[in-house]
Structure formats: structure tokens, C-alpha cells
Amino acid sequence: MDMNEIKEIFFQECEEQLAELESGLLKLNDGDRDPETVNAVFRAVHSIKGGAGAFGLDDLVAFAHVFETTLDCVRSNKLEPNQDVLKVMLKSADVLADLTNAARDGGSVDESRSRGLVKELEALANGELPSPSASAEAPAPKAAAKVAPAAPAPTSKPTDDSGFQPVPFSFDDFGGEDDAGGMPTYEVIFKPRYELYSKGNDATLLLRDLSRLGEMTIYCNTDDLPGLEELDPEGAYFFWNVTIKTDKGEDAIRTVFEFAEWDCELTVKPVEEARADATSNDELPMVPVPFDLSILDETGAMEEVSASDARETAAAVAAAETASNVTQIVAARVEKKESAAAAAAAASAAAQNNAAGAGQTIRVDLDRVDRLINLVGELVINQAMLSQSVIENDTTGTSSINMGLEELQQLTREIQDSVMAIRAQPVKPVFQRMSRIVREIADMTGKSIRLITEGENTEVDKTVIDKLAEPLTHMIRNAVDHGIETPEKRAAAGKNTEGTVRLTAKHRSGRILIELADDGAGINREKVRQKAIDNDLIPADSNLSDEEIDNLIFLPGFSTADKISDISGRGVGMDVVKRSIQALGGRINITSKPGHGSVFTMSLPLTLAVLDGMVVTVAGQTLVVPLTAIVETLQPEAAAIHSFGANHRLISIRNSFCPLVDVGRILNFRATQANPVEGVALLVESEGGGQRALMVDAIQGQRQVVIKSLEANYTHVPGIAAATILGDGRVALILDVDAVVGASRGQSLKAEMSLAAVG
Amino acid sequence: MSYTVKNLNEGDRELIAFRIGDQEFCVNIMSVREIRGWTPATAMPHSPGYMLGVINLRGAVLPIIDLAARLGMKPADPTARHVIIVAQVRRKVVGLLVDAVSDILTVTEETIQPTPEITSELERQFARGVLAIEKRLICLIELESLFPETESEAA
């Protein structure tokens, strides 16, 4: 495994941590005060910081560190997580996500934004964390730091590659080098346990960080070192007595050992206390072994560490190797942790839960899953072919063969379902991303919005989830920007000033239904209608139902015209939304109630690999027409067919005329138009909303087909969306209804083709 | 058809030779994925005349080219005796319909003679050179030239 792979895993984990972070913060926002929720949030930031430190992602570490410090105040109940605090934190989570993405993809993050948040976070941490010396002796510098935003916080630069850095308490302004003599002195006893090394921590690095806090004297204590015959090569025998003069306070010292706090015994005492203790018991070594501090300053310290350190490192490595099972370590830790504080124990237990949860999932490359799906698709086709040939060759039917076939059929179907389920994922990540959009737009527009999500564990194919994000983002933006009124207007209308956007996902009859509802003003039908008339989208005297007017906003011409954001209904780019939903094989609908808001309903297929199709025959060829496009099928009667001009024919359906499109002719499968009366008409609805009657020769039936790419080995063919393989093993083409309808409007498929043709 | 592992010298090339009508052609063996029998193909709308359609190759959609027609010769009338050479051209896999596979040749680069000047533009376009082996004339085809870059990369 090379560095890049490890990094990739880190970023994958980051994504999980970020999701955890956001959902935790949202829970807190909803009034959850469970300490475990706070711990989970803290842990998420903490592990991102740790990992980022290991990879030298300085910006990320710096920001995470400040964020973490503020979260620690919440964790230790020094800061009340009220709405204002959480608002800053949610924004910080967004920036943290941006920084993570930037670190991965090499982009950059708006620095002013992160810097501003760093200041807000520090203000939160400092404001609620008054150190006695800070508030009593030097209130002025603190106030100055707050009112002078131009002065950059003297923090946020990671000091080494281990990811540790001093806590950003801005007390540097007072107590310089010269009054070091007056600085408090602390006695630190740092006694690592075996677990510290087994997790790959290095005592040397911790001590080096400690040394940065101030003037320090350090002794390595070898009292616990047993004789060679009893020596456990993986044991931890050394501990260190440190005397340090620092103005940073006891908390800063403890922060250095934060990562290790559960894996070592740490005593930090102001020096008088420590001396008193020393006289009363034998804790302090009688003959301390001098410990060479200079190795702490060397970056390449590892090479020249004393024999004792080398042994420890070896021990740590060996331990890491043997401890392949994470759960074991956690369990071991919990076992030995009886004396630990209650909070620590709870956190460990939660970590154990996490470890157990992690054991139940694996990360799989999407390509591998796709390969498996492809193979299973083959299996299904082969099984169908086998069944068919058995039926053809053996009319009497040997019962054992038939039974075997039936079982095979059942098994393949079950395998297919299970394999499809592998790709299925909850919509949660997309929904969570939406909460960020809502926050941002609400912020920008000065509205107060509450996003409620329901059914976020509803599962759907990964590709659908990926492609859902964009139209959903668009719609959420519209809902917040145009749908929901300003607080003043809401108040005037007697509504709650806080607007509500509700995002729901649920399964319904083999499809996923996603609903986006807002309690805004609803669509202003009069304005929408007027706009449509102004843009020549509908005749001025047209008599449209409310529903039809609502659906006007999906028309392409409706949005490309000048901005209509002053209309309380939506409209900006809704045609794009509709098109991307249709590209997914889905449908979108809108219902709106003036004064009460609008509801957008999207119905999407659960997977993109499979399509419900109508299998038809055209000029001897078998074609598949996507079922989503078909409104109805009908058998045309001679009386209903009307010629129109030289080449066009119309069919009258319930008193309206619909153009007839001969599919065989359009695809060039035949030279002359077929007689419509001998065929079947498929009434389809296309992109622009117009209806067409597609003429085919016969309908074979309705079937779920596995979609196969034509482009992979051939080229895009106008009029054809993709291919599939039928039960007899032959390839059938899937019709691109929109392109065929477009071609019937006069755009020639053939003209496009000549550009793309082979050779 | 049997294939024996020979010790290849540096610079040796292995070619698969096949027949179309009474002429022999060959392609680099490294491009050939497999050789299989003819199965009826599904016609593609608006395709050029040499494009026979697509078939199912273990789940992938494989376009089939009538190589005779592509080379400007009399189009084949495919039967079960015809052979499809499945070849990789750049990142795509295509099937070439030929009459029969005849040989596997091991040749050195020097054996390949330049295309004679009498050839028409069409042949010159596809032929990378000719080989004279045992009084036979075998034309070495450059597969990439059958499928121009622009189209191939378009998808």
C-alpha cells in the first residue's frame, strides 16, 4: 500500500467524520444535550486533525485545531452550545469540509471565510474561558484582540509534522521571556502505558511538544525497568519527570498529551504541590537519570535515540503489527481503563461501538461492484437462454430438468437482487449536503430557515444519489430564495418567521419518491401566467388549469428570459432541473397552494443499471422504449389518421391532433412510411412537454432490461439511448425518445450521424 | 487452429493472418482478443454500409465491421462459417468479420515490405505494408486506420 492509497483512505474516513460531525451538530442544534453527541462531534474533528497532521496538511490541521479547542470548551461545559454558538460551529464544519476537499483535490478555500471563523471560534473559546491572569491582569490585550479583527490570531500554524501545536490561547501578549522567573512551574510525571506505543504514538514527540511550552528540565526514570530475563519486549517501562516553567497554564500542558491521555498516567501539578508530594512519598526517583533534551529538537531524532527509545519504538511497531484487530485493542483498553474517568470510559465504549459497527461494513471499489453486476446480468441472460432452449428442445419436459431450471431461475433472481442491493445507499449524504445549502442561502438572504429531513435512510442506487445532488441543490436554492418569504412578510402574513423546508424520501412501488416542500408563499399564478404570455410560451387567451400554470415554470423559455426572482414562485433554471430528473429516468411534479407553499415531487428509479421498457418490433428489429416516456398506447383507426402536408400525418386523440412519428422511418430501417393502421401508436411525452405518437409495428411486451453502453465500443448513435441484451442473447437498442421526437420536428438524425459515423 | 509458444527474438512480431475472398491479410496478434464464430448482429440505424451491427459479447455490446466492405471489396454475406476477430483498437473493442483465419506468423520487422505503389488511396490508407511468405502475398493492416481517432475518442 503506497502513501497515496493511505491518503485516499484518510480522505474517505474524513468524509465519514465530516458527516458524523454535521449530524452531531444538527442534533445539538435540535436541543440534544447528550454528552456522547458532544463527544462524537469532538472526536470527529479530532481524528480529522490527527490524520491531517500525519499527512502534513497544515491548513486543515490549523483550522481543525481551533475548532477542536472551541468544541473542547463545549465538552467540558465551559461553553453553552446555544443557537449562536452552533451556527458558528456548523459554518466551521462547512469550512472544514471545504478544507478537506481542497486538500484532496488541490483546490483552494476562501481564506477570508476560514480566517473569520477562526476568530469567531477563538472568541467563543476565550470568551467563556477566562484564565484568572488573563481577565484580572491584562483585560486590555484581550479586548484589543476582539475589536481589531485585522490582527491575525497568533495561532493556527502547525509547528511540527505530528499534528500537535500549542493551544491558541492568546495570552502571549503578556508575560514575556524576562519575567520567566515569575512564571509558574509545573511538575509533570508522564508515564506511558503499553497502549500508547501500540497505537503508534511516540513519547519523544510528546515531550518535544511539551518543551515548546517553556523552559523545561526532564529526567527519564528507569525504576520500572525489570531485569533482562523479565523484560517484555513490547512493554513500556520508562517514564519521565519533567519540571517546566510556563505561563501557558496547566491546561496547555494537558493538551500536549491529549492524544495520549487514555494511554498514559499523567500527573500535572504546580511545583509547590509536587514538592510536597515528593517529600511524602517515593514517587520521585532518588537518582534521576539525566535525559538528553537535545534529541527532542532533532527532526531525525529517531535515528539517534538512545537504546531505550529504540527499544520502545520497536515495541510499538511490533505491537501495531500484532494488534491487527482494532476491536481487540479497544476492548483491551476498556478492560484496563477501570480507573479512568467516567467520561473517558463512555468515550471508549462509544469507540468500541464504532469499531464494532465498522466491522460490519467493507469498502469496495465501485468498479468491482459494477463488474459483479455485469456478470450477474450475464448470468440472468444465460439462464433465460438456457430455459428457452430447454423448452424448444424438450417438449415433454423432464421434470428434473424443469425443476432444476426453476430453481436456477429463482437463485439468479435472488443473486441479482442482492447484487443490486450492494450499490444501494441511503440518501443521507445528499440530504446532509442540502442542510449546508439551506444554511448558506438563508444566511445570504437573511431568512431564517429550518430544514427537516425525513426518510434519509431510504436506499437508492449510488449513481442515482450522485446525480440527484445537482437538481436537488437547485431546487433547494429556489425554495429558500424564492419560495420562502422574508421574515417580515411572513410575520405580516401571520406565519412563523422561521420558514420550513421539508425534504422527504420514501420508497413507492419500486421507485424512490423525493419530496421537497416549503411553507412559503407558493407560486404566484397570475405572474407566472403573465410571464409565459410575455415570452410567447402560451397564447394570451389560453385557459389553463392551476396545475398547468404551475407546470409552466418547467418550460425552457421560462427561465432563460430575464430574472424572475421577484416572482414568489420559482422558475430559475427549473427546465434544467426537469431535464436532469428526466435524464435519470424520473418525473417531477409540482403542486402549489398560494400562501401555503409548494411541493415538488420527484419519482426516480432505484437504479440506473436497469430500465423498465416496452419491447417493440420496428421493421423487423426489436427495440426497447423506456416506459417512463410512454403515456399510453393505442391502436390507430383509419379514421383518426389525417395527412398534413406532403410528409406529415396527424392522429386525432380525444379531439386533439398529435403528430405521428414513424420510428422505422426516422431510424432509417425502412425507406417508406409504414401504414399506421397496421401498427401500434405509443403516445409519448418528450422533453419540451409536447406529445408525439410513435408508430411501431407491434408490441412484444414489457420487461426490465439491463442497460448496456453503446459508446463503450462503438459511438453515440442519434435516436438510440443505449443497448440491452434480450433473453435470446441478442442485442436490442433502446430508443432515445427525446431525440426521435426532436428529429420529427425537422432536425435530421442523419445529419448528426454523418459527423459521428464510423470511418 | 493450434498455437505453440515459440521463442521470440528481439524485434520479432507475431501476426494473425486471415482470408477475405482470395486475398490474405494480417493484423498484429497483440490487438486480437479472441476469435469466434458469426452470430446474427442487430442492425444499427444510420450506420455506414460496412457496419453490420452489434452483437452481445458476454454482456458487452460489440460492433461488427464487415472488413471486406471496409476495405472496398465486395461485401460479405455472413454465414455460420464466417469468423469474427475480436480486436482491441485504442480503448474500444470491435469485431472484424473475415472469411477464415489462416495462420499465425512470426516475422521480423525487416520482412515487412512497404506497400507497393500501385495501390489505390483506399488500400494505402489501411495497409501498413506487405509480407511475402512462401509465395503468398499478405497485407498487414493497421487497425487504427480503420477507425479514425476523432470518432473513436468522441464517445
# chains A, B, ... in the order shown; residues from 1 in each chain; ligands from 1

$ interface_residues --of "chain B" --to "chain A" --cutoff "7 Å" --atoms "only C-alpha atoms" --output "ChimeraX atom specification"
/B:42,45-48,54-56,58-63,92-94,146-148,151,155

$ write_last_selection --atoms "N, CA and C atoms" --output "PDB file, in the first residue's frame"
ATOM      1  N   THR B  42     -27.399  -7.156 -34.547  1.00  0.00           N
ATOM      2  CA  THR B  42     -28.516  -6.217 -34.532  1.00  0.00           C
ATOM      3  C   THR B  42     -28.115  -4.981 -35.332  1.00  0.00           C
ATOM      4  N   PRO B  45     -29.096   1.896 -36.719  1.00  0.00           N
ATOM      5  CA  PRO B  45     -29.642   2.897 -37.640  1.00  0.00           C
ATOM      6  C   PRO B  45     -28.561   3.861 -38.123  1.00  0.00           C
ATOM      7  N   HIS B  46     -28.703   4.313 -39.338  1.00  0.00           N
ATOM      8  CA  HIS B  46     -27.823   5.332 -39.904  1.00  0.00           C
ATOM      9  C   HIS B  46     -26.365   4.939 -39.916  1.00  0.00           C
ATOM     10  N   SER B  47     -26.076   3.654 -39.943  1.00  0.00           N
ATOM     11  CA  SER B  47     -24.671   3.272 -39.907  1.00  0.00           C
ATOM     12  C   SER B  47     -24.145   3.110 -41.328  1.00  0.00           C
ATOM     13  N   PRO B  48     -22.822   3.251 -41.486  1.00  0.00           N
ATOM     14  CA  PRO B  48     -22.242   3.054 -42.814  1.00  0.00           C
ATOM     15  C   PRO B  48     -22.441   1.610 -43.290  1.00  0.00           C
ATOM     16  N   VAL B  54     -24.446  -4.761 -34.115  1.00  0.00           N
ATOM     17  CA  VAL B  54     -23.792  -5.081 -32.845  1.00  0.00           C
ATOM     18  C   VAL B  54     -24.212  -6.461 -32.361  1.00  0.00           C
ATOM     19  N   ILE B  55     -23.297  -7.143 -31.682  1.00  0.00           N
ATOM     20  CA  ILE B  55     -23.650  -8.419 -31.063  1.00  0.00           C
ATOM     21  C   ILE B  55     -23.292  -8.373 -29.584  1.00  0.00           C
ATOM     22  N   ASN B  56     -23.766  -9.362 -28.871  1.00  0.00           N
ATOM     23  CA  ASN B  56     -23.537  -9.461 -27.439  1.00  0.00           C
ATOM     24  C   ASN B  56     -22.288 -10.286 -27.197  1.00  0.00           C
ATOM     25  N   ARG B  58     -20.530 -11.487 -24.238  1.00  0.00           N
ATOM     26  CA  ARG B  58     -20.569 -11.672 -22.782  1.00  0.00           C
ATOM     27  C   ARG B  58     -20.958 -10.389 -22.058  1.00  0.00           C
ATOM     28  N   GLY B  59     -22.005  -9.805 -22.525  1.00  0.00           N
ATOM     29  CA  GLY B  59     -22.548  -8.656 -21.801  1.00  0.00           C
ATOM     30  C   GLY B  59     -22.124  -7.315 -22.356  1.00  0.00           C
ATOM     31  N   ALA B  60     -21.084  -7.278 -23.165  1.00  0.00           N
ATOM     32  CA  ALA B  60     -20.688  -6.018 -23.765  1.00  0.00           C
ATOM     33  C   ALA B  60     -21.266  -5.945 -25.161  1.00  0.00           C
ATOM     34  N   VAL B  61     -21.561  -4.727 -25.600  1.00  0.00           N
ATOM     35  CA  VAL B  61     -22.103  -4.542 -26.940  1.00  0.00           C
ATOM     36  C   VAL B  61     -20.935  -4.378 -27.907  1.00  0.00           C
ATOM     37  N   LEU B  62     -20.817  -5.292 -28.846  1.00  0.00           N
ATOM     38  CA  LEU B  62     -19.650  -5.337 -29.726  1.00  0.00           C
ATOM     39  C   LEU B  62     -20.054  -4.990 -31.155  1.00  0.00           C
ATOM     40  N   PRO B  63     -19.534  -3.879 -31.689  1.00  0.00           N
ATOM     41  CA  PRO B  63     -19.855  -3.559 -33.082  1.00  0.00           C
ATOM     42  C   PRO B  63     -19.089  -4.491 -34.031  1.00  0.00           C
ATOM     43  N   LYS B  92     -11.261   0.785 -27.509  1.00  0.00           N
ATOM     44  CA  LYS B  92     -12.504   0.100 -27.836  1.00  0.00           C
ATOM     45  C   LYS B  92     -12.247  -1.311 -28.365  1.00  0.00           C
ATOM     46  N   VAL B  93     -13.281  -2.122 -28.243  1.00  0.00           N
ATOM     47  CA  VAL B  93     -13.184  -3.487 -28.741  1.00  0.00           C
ATOM     48  C   VAL B  93     -14.166  -3.617 -29.891  1.00  0.00           C
ATOM     49  N   VAL B  94     -13.687  -4.116 -31.027  1.00  0.00           N
ATOM     50  CA  VAL B  94     -14.560  -4.269 -32.186  1.00  0.00           C
ATOM     51  C   VAL B  94     -14.380  -5.667 -32.766  1.00  0.00           C
ATOM     52  N   LEU B 146      -8.534   1.909 -39.514  1.00  0.00           N
ATOM     53  CA  LEU B 146      -9.918   1.556 -39.854  1.00  0.00           C
ATOM     54  C   LEU B 146     -10.894   2.446 -39.096  1.00  0.00           C
ATOM     55  N   PHE B 147     -10.413   2.931 -37.955  1.00  0.00           N
ATOM     56  CA  PHE B 147     -11.296   3.729 -37.100  1.00  0.00           C
ATOM     57  C   PHE B 147     -10.569   5.008 -36.756  1.00  0.00           C
ATOM     58  N   PRO B 148     -10.850   6.054 -37.480  1.00  0.00           N
ATOM     59  CA  PRO B 148     -10.125   7.304 -37.259  1.00  0.00           C
ATOM     60  C   PRO B 148     -10.228   7.767 -35.813  1.00  0.00           C
ATOM     61  N   GLU B 151     -13.382   9.842 -34.312  1.00  0.00           N
ATOM     62  CA  GLU B 151     -14.607   9.128 -33.985  1.00  0.00           C
ATOM     63  C   GLU B 151     -14.397   8.302 -32.734  1.00  0.00           C
ATOM     64  N   ALA B 155     -16.731   9.381 -28.195  1.00  0.00           N
ATOM     65  CA  ALA B 155     -17.583   8.897 -27.124  1.00  0.00           C
ATOM     66  C   ALA B 155     -16.872   9.052 -25.794  1.00  0.00           C
TER      67      ALA B 155
END

$ residues_around --residues "region 573-586 of chain A" --least-positions-apart "3" --cutoff "7 Å" --atoms "only C-alpha atoms" --output "number ranges by chain"
A: 471, 553-556, 559, 602-605, 628, 687

$ select_by_dssp --residues "chain B" --states "strand (DSSP E)" --output "PyMOL selection string"
chain B and resi 12-20+23-28+32-37+51-57+60-66+83-89+92-98+100-108+127-133+136-141

$ residues_around --residues "region 67-77 of chain B" --least-positions-apart "3" --cutoff "9 Å" --atoms "only C-alpha atoms" --output "ChimeraX atom specification"
/A:759 /B:20-21,49-51,64,82,96-99,122-123,126,146

$ select_by_dssp --residues "chain B" --states "helix (DSSP H, G or I)" --output "VMD selection string"
chain B and resid 29 to 31 67 to 70 109 to 111 121 to 126 143 to 146 149 to 154

$ write_last_selection --atoms "C-alpha atoms" --output "CSV table (one decimal), in the first residue's frame"
chain,number,residue,atom,x,y,z
B,29,ILE,CA,-1.6,-10.5,-32.6
B,30,MET,CA,-1.3,-8.2,-29.7
B,31,SER,CA,-4.5,-6.5,-30.7
B,67,LEU,CA,-13.8,-5.9,-43.2
B,68,ALA,CA,-14.3,-6.8,-46.9
B,69,ALA,CA,-16.7,-3.9,-47.3
B,70,ARG,CA,-14.5,-1.6,-45.2
B,109,GLU,CA,10.4,-6.1,-38.8
B,110,GLU,CA,12.6,-6.3,-41.9
B,111,THR,CA,10.3,-8.8,-43.6
B,121,GLU,CA,-5.7,5.5,-51.9
B,122,LEU,CA,-8.1,3.3,-50.0
B,123,GLU,CA,-5.6,0.4,-49.7
B,124,ARG,CA,-2.8,2.7,-48.9
B,125,GLN,CA,-4.8,4.1,-46.1
B,126,PHE,CA,-5.2,0.8,-44.3
B,143,LEU,CA,-6.3,-1.4,-37.3
B,144,GLU,CA,-6.2,2.1,-36.0
B,145,SER,CA,-6.6,3.4,-39.5
B,146,LEU,CA,-9.9,1.6,-39.9
B,149,GLU,CA,-9.1,8.9,-34.0
B,150,THR,CA,-11.7,11.5,-34.0
B,151,GLU,CA,-14.6,9.1,-34.0
B,152,SER,CA,-13.0,6.7,-31.6
B,153,GLU,CA,-12.4,9.3,-29.0
B,154,ALA,CA,-15.7,11.1,-29.5

$ atom_distance --atom1 "CA of Glu14 (chain B)" --atom2 "CA of Pro78 (chain B)"
27.3 Å

$ atom_distance --atom1 "CA of Glu547 (chain A)" --atom2 "CA of Thr500 (chain A)"
23.0 Å

$ decode --residues "region 636-664 of chain A" --atoms "N, CA and C atoms" --output "compact mmCIF listing (two decimals), in the first residue's frame"
# COMPACT_ATOMS: atom_id res chain seq x y z
N PRO A 636 -54.31 2.74 -33.74
CA PRO A 636 -54.95 3.80 -34.52
C PRO A 636 -56.01 3.24 -35.49
N GLU A 637 -57.08 3.97 -35.62
CA GLU A 637 -58.08 3.61 -36.62
C GLU A 637 -57.88 4.50 -37.84
N ALA A 638 -58.25 3.97 -38.97
CA ALA A 638 -58.02 4.69 -40.22
C ALA A 638 -58.63 6.09 -40.16
N ALA A 639 -59.79 6.20 -39.53
CA ALA A 639 -60.50 7.48 -39.50
C ALA A 639 -59.75 8.52 -38.67
N ALA A 640 -58.91 8.06 -37.78
CA ALA A 640 -58.23 9.00 -36.89
C ALA A 640 -56.94 9.55 -37.50
N ILE A 641 -56.52 8.96 -38.64
CA ILE A 641 -55.26 9.39 -39.26
C ILE A 641 -55.56 10.46 -40.32
N HIS A 642 -54.84 11.57 -40.20
CA HIS A 642 -55.05 12.64 -41.16
C HIS A 642 -53.72 13.02 -41.76
N SER A 643 -53.70 13.15 -43.08
CA SER A 643 -52.48 13.63 -43.72
C SER A 643 -52.38 15.12 -43.52
N PHE A 644 -51.15 15.59 -43.42
CA PHE A 644 -50.92 17.01 -43.18
C PHE A 644 -49.71 17.41 -44.00
N GLY A 645 -49.95 18.11 -45.06
CA GLY A 645 -48.85 18.46 -45.96
C GLY A 645 -48.36 17.22 -46.68
N ALA A 646 -47.15 17.33 -47.21
CA ALA A 646 -46.63 16.25 -48.04
C ALA A 646 -46.20 15.04 -47.21
N ASN A 647 -45.54 15.28 -46.13
CA ASN A 647 -44.93 14.16 -45.41
C ASN A 647 -45.51 13.91 -44.02
N HIS A 648 -46.35 14.81 -43.56
CA HIS A 648 -46.77 14.68 -42.17
C HIS A 648 -48.14 14.07 -42.03
N ARG A 649 -48.27 13.34 -40.94
CA ARG A 649 -49.58 12.80 -40.63
C ARG A 649 -49.89 13.08 -39.17
N LEU A 650 -51.13 13.28 -38.90
CA LEU A 650 -51.55 13.55 -37.53
C LEU A 650 -52.55 12.49 -37.12
N ILE A 651 -52.59 12.24 -35.85
CA ILE A 651 -53.59 11.31 -35.35
C ILE A 651 -54.45 12.08 -34.35
N SER A 652 -55.74 11.89 -34.47
CA SER A 652 -56.59 12.62 -33.53
C SER A 652 -56.88 11.75 -32.32
N ILE A 653 -56.56 12.32 -31.19
CA ILE A 653 -56.80 11.62 -29.93
C ILE A 653 -57.65 12.53 -29.07
N ARG A 654 -58.82 12.09 -28.74
CA ARG A 654 -59.74 12.88 -27.91
C ARG A 654 -59.77 14.34 -28.36
N ASN A 655 -60.03 14.51 -29.64
CA ASN A 655 -60.27 15.85 -30.19
C ASN A 655 -59.03 16.73 -30.28
N SER A 656 -57.84 16.16 -30.02
CA SER A 656 -56.67 16.98 -30.27
C SER A 656 -55.80 16.21 -31.26
N PHE A 657 -55.00 16.96 -32.01
CA PHE A 657 -54.19 16.31 -33.03
C PHE A 657 -52.75 16.17 -32.57
N CYS A 658 -52.24 14.99 -32.81
CA CYS A 658 -50.89 14.71 -32.35
C CYS A 658 -50.08 14.19 -33.53
N PRO A 659 -48.90 14.73 -33.78
CA PRO A 659 -48.12 14.27 -34.93
C PRO A 659 -47.73 12.79 -34.80
N LEU A 660 -47.80 12.10 -35.92
CA LEU A 660 -47.39 10.69 -35.96
C LEU A 660 -45.92 10.62 -36.36
N VAL A 661 -45.16 9.82 -35.67
CA VAL A 661 -43.75 9.66 -36.00
C VAL A 661 -43.49 8.20 -36.29
N ASP A 662 -43.05 7.91 -37.50
CA ASP A 662 -42.75 6.53 -37.86
C ASP A 662 -41.32 6.22 -37.42
N VAL A 663 -41.19 5.44 -36.38
CA VAL A 663 -39.87 5.14 -35.80
C VAL A 663 -38.96 4.45 -36.83
N GLY A 664 -39.54 3.50 -37.57
CA GLY A 664 -38.74 2.78 -38.56
C GLY A 664 -38.18 3.70 -39.63
